[in-house]
Amino acid sequence: MTGLVLATSLAAMPALAAETAGAERSYHISRSTLSHALSQFAGNAGIMLSADARLTDGKTSQGLDGEFTVEQGLQKLLAGTGLTYTFTAGDAVAIKVAEASADVSTLPAVRVEGKAVYDANDPYNEDYAVGNATTSTKTDAPIMDTPSSLQVIPQQILKDQQAVILEDATKNVSGVQRVWNGEGFGQDFVIRGFGTRNARFRNGQRIASFNTDMANVEQVEVLKGSAAMLYGRVEPGGMVNVVTKKPQEEAHYSLQQQFGSYDFYRTVAEATGPLLDDKSLTYRMDFAYTDRNSFRDFVSQNQVFVAPALHWQANDRTEFNLSLEYMNRNLPQDTGIPAIGNRVADVPFNTNYGQPGTQFNEDPSDSTLLDVNWSHAFNDNWKFQNGFTGNWTNNHFKTILVAVFQPLLEEGANPKQVRRGSQFVDDSAETYTTYFNLNGKFNTGEVQHNVLLGGDYYSTEQRSGGYFGFSAANAPADSPFHLDGDFAGGNLAFSRVNLNNPVYPNLDFGFFESQRINRPNNFFINQTSWYGLYFQDHISMFDEKLQILGGGRYDWAHLASGFSNSATNATDINGNWNGNVPGLDKIELQKQSEGFFSPRVGLLYRPWSWLSFYGNWVEGFGTNNGRSATGQPLNPETSEQFEAGFKSEWFDGNLTTNLAYFHIDKKNVMTLIGDNGLSDTIGAQRSQGIEIDVAGQITDGLSLITTYAFTDARIIGDGDATGNNEGNRMPNVAEQSGSAWLKYAFQQSALKGLNMGVGAYIAGKREGDIANSYQLPGYVRVDTFAGYAMNLGKTRLTTQLNVNNIFDKRYFFTGAPYSAYRAWNIPGEPLMVMGSIKLEY
């Protein structure tokens, strides 16, 4: 990149300013936003620097590495920005727009080698590597200066791989594996051997029962290890944080049509730009409509997503943001293929032991999210943020479920049969979060401080009513439908189907609806709330070569849980089922309160700008909200982690690497103990391993993502009195896994705009359940894509074709969530083709 460096000639300068400007200091400032780089420089140089935020917004700096005077440093940092500086008084410096005049001289052109920092505001940004992120520290910090493992999947990767669900993004991060989520009801993952347990994050805020549509996602950030010090009750393996797109000052519009195998159709539209001439008020609108079938029988999806947003820059230091997300969809739960012996049944992948018919395969749901936040910068060093997020969801489950009773599948059983049940439940959840952060930067001698003080309040309530259960395991194959126990009703023989040749009887949907009124029901309420206060200091010393990150958080958590299975008349005056179930109001809640302090200490040494060594120690307060057989909340999970590793930048910072070793111990591990939603603790769990992540550009046209993880996750203390599970591996955790994705963008003029890529995703053998009674085989899946972009006047046209699982590999991405019923083994997609046509202006 070539740029002109403009600087004012300083005709008269106070003595102190001259002394400051003439002294050389050593600087190690990474590529970052211009405002962040200038702030770091001013702190190290000992000068007072002021700049209008509107001048620096959207601009980047190459950084600074070496010994410079103040003048030399400012010239290099401001290179190519169209800005200059002037000393105002003493050691005070002001940034302003460079203007041609008699006392301004133009310096010779300077060629700056390297690549500009990642700019999330650029809709055509093609970078695979991101230099800064917020998830790890809640401040905009360079990843190379953060003593923890943080991986970012930027926009271009999402485009190249046509990511339409969140799981399509996280496959590019080491040690992250997808788990069963009811065909999309809740996006959960296993990270470093631990499930995320419905702890979903959007722009750093926890949202319960939240599902992500990728239409308005800018990037996905995955923080490894416990984030309890900043985020409260989270799993120790890590967290997935979705960062959404923001309104932009420059107008941009796009329309994309995707189409693919199994009648997949998806339309995505976006528009953003200014609403006022001074660009102080900007807007954004994202829309997506998805309609698809599936390679699985009786599975289809219909989904509408709308996300408007507004940004108001009230003045150069104060801003307000408002965003809304609404999703409505029909998507049935898929309970998978059962296991026989030590493996999943060898039946066609499309086999679904549920029930055909639209009424049994809708499971409609809707969610509404409101996000309001604002911030004010008191000066260049101190900033206050405050916000509120609310989320309201409703799920209606109308599903014939699958479980397994092993004698029905033993070798002597002829024919082998699959046990079935039903779930007719209405579920609702409300989540509220409010928070504040005060971020300040100051120096004590030669030591630089980046301090964060904050607090948050989180509250969620889940209410559920209806019936849920399986047919009796010992019932005759031709018996009428009934749940476990003595109740039998109706004239429908449907409780079992043949494993290899399922025949589905005709079922009366109205009969199942009526059972919500007069048969034993499952009613439960879960209420969770907590207050948290936290502090953090990111200390830099010795020219930023040595950095210490320390802090702590105290949580006051309150839980209330209740359960009832008594029959309750739950109809309104017209005979329709009433979602305000009286049975819920009669439940006696078991209450529990906990307090916990979560500390974090991190140390980072950066001897050169391209290399950082780091380590951290973290304690965490878990998300144990399960209920026991008596309806009481379980004791909270606690964890401790040790991590060490190094990060590096290659090819002028275009390629980044991260290698980490981790060791995590967790106590009071919660697990489901049956098909009725009850839980218990299995004692203690340990996970340790090594992870490697590489991402970025090797050359101008060649981009790379590669990952590897060795994860040894085991039960080391069994809460079961028999101790039968101690020493077992945790389910759905591959001991070895990895991926590689290589893309080439042709640079030759004749082929400019043509992009091609290929990738492989690998996972070793995994245990299917806690008892380790059966295994999911390892697999290698290969994906590929080709795309071509061309300009038609001011419009860009992009066409793309992706082929996933090109060799049609048969594999399972997850096993049963608990050991008692060995279904929920969900097959991965076979060969899938997806095309795309996109217009941008």
# chains A, B, ... in the order shown; residues from 1 in each chain; ligands from 1
$ residues_around --residues "A:Asn241" --least-positions-apart "4" --cutoff "7 Å" --atoms "only C-alpha atoms" --output "PDB file with N, CA and C atoms, in the first residue's frame"
ATOM      1  N   PHE A 201     -24.388 -16.331  23.435  1.00  0.00           N
ATOM      2  CA  PHE A 201     -24.006 -14.934  23.596  1.00  0.00           C
ATOM      3  C   PHE A 201     -24.144 -14.200  22.266  1.00  0.00           C
ATOM      4  N   ARG A 202     -24.700 -13.015  22.360  1.00  0.00           N
ATOM      5  CA  ARG A 202     -24.848 -12.124  21.205  1.00  0.00           C
ATOM      6  C   ARG A 202     -24.268 -10.773  21.602  1.00  0.00           C
ATOM      7  N   ASN A 203     -23.230 -10.336  20.903  1.00  0.00           N
ATOM      8  CA  ASN A 203     -22.534  -9.083  21.215  1.00  0.00           C
ATOM      9  C   ASN A 203     -22.145  -9.015  22.690  1.00  0.00           C
ATOM     10  N   GLY A 204     -21.698 -10.147  23.221  1.00  0.00           N
ATOM     11  CA  GLY A 204     -21.218 -10.199  24.587  1.00  0.00           C
ATOM     12  C   GLY A 204     -22.292 -10.314  25.648  1.00  0.00           C
ATOM     13  N   VAL A 220     -17.933 -14.457  14.164  1.00  0.00           N
ATOM     14  CA  VAL A 220     -18.168 -15.328  15.309  1.00  0.00           C
ATOM     15  C   VAL A 220     -16.858 -15.435  16.087  1.00  0.00           C
ATOM     16  N   GLU A 221     -16.913 -15.160  17.380  1.00  0.00           N
ATOM     17  CA  GLU A 221     -15.732 -15.214  18.231  1.00  0.00           C
ATOM     18  C   GLU A 221     -15.886 -16.366  19.227  1.00  0.00           C
ATOM     19  N   VAL A 222     -14.868 -17.212  19.304  1.00  0.00           N
ATOM     20  CA  VAL A 222     -14.883 -18.367  20.204  1.00  0.00           C
ATOM     21  C   VAL A 222     -13.771 -18.185  21.226  1.00  0.00           C
TER      22      VAL A 222
END
$ residues_around --residues "stretch 686-701 of chain A" --least-positions-apart "4" --cutoff "8 Å" --atoms "only C-alpha atoms" --output "ChimeraX atom specification"
/A:127-129,151,173-175,192-193,651,654-666,705-716,743-747
$ atom_distance --atom1 "atom CA of A:Glu640" --atom2 "atom CA of A:Ser209"
26.8 Å
$ closest_residue --among "A:Gln258, A:Ser739, A:Asn315, A:Asn791" --to "A:Tyr779" --atoms "only C-alpha atoms"
A:Ser739
$ closest_residue --among "A:Gln187, A:Asn395, A:Asn386, A:Thr60" --to "A:Ser35" --atoms "only C-alpha atoms"
A:Thr60
$ residues_around --residues "A:Tyr811" --least-positions-apart "2" --cutoff "9 Å" --atoms "only C-alpha atoms" --output "list of chain:residue names"
A:Leu776, A:Pro777, A:Gly778, A:Tyr779, A:Val780, A:Arg781, A:Lys809, A:Phe813, A:Ile826, A:Pro827, A:Gly828, A:Glu829, A:Pro830
$ closest_residue --among "A:Leu589, A:Ile191, A:Ile837, A:Ala45" --to "A:Gly73" --atoms "only C-alpha atoms"
A:Ala45
$ atom_distance --atom1 "atom CA of A:Lys76" --atom2 "atom CA of A:Trp610"
18.7 Å
$ closest_residue --among "A:Gly387, A:Phe596, A:Gly336, A:Gly465" --to "A:Phe563" --atoms "only C-alpha atoms"
A:Gly465
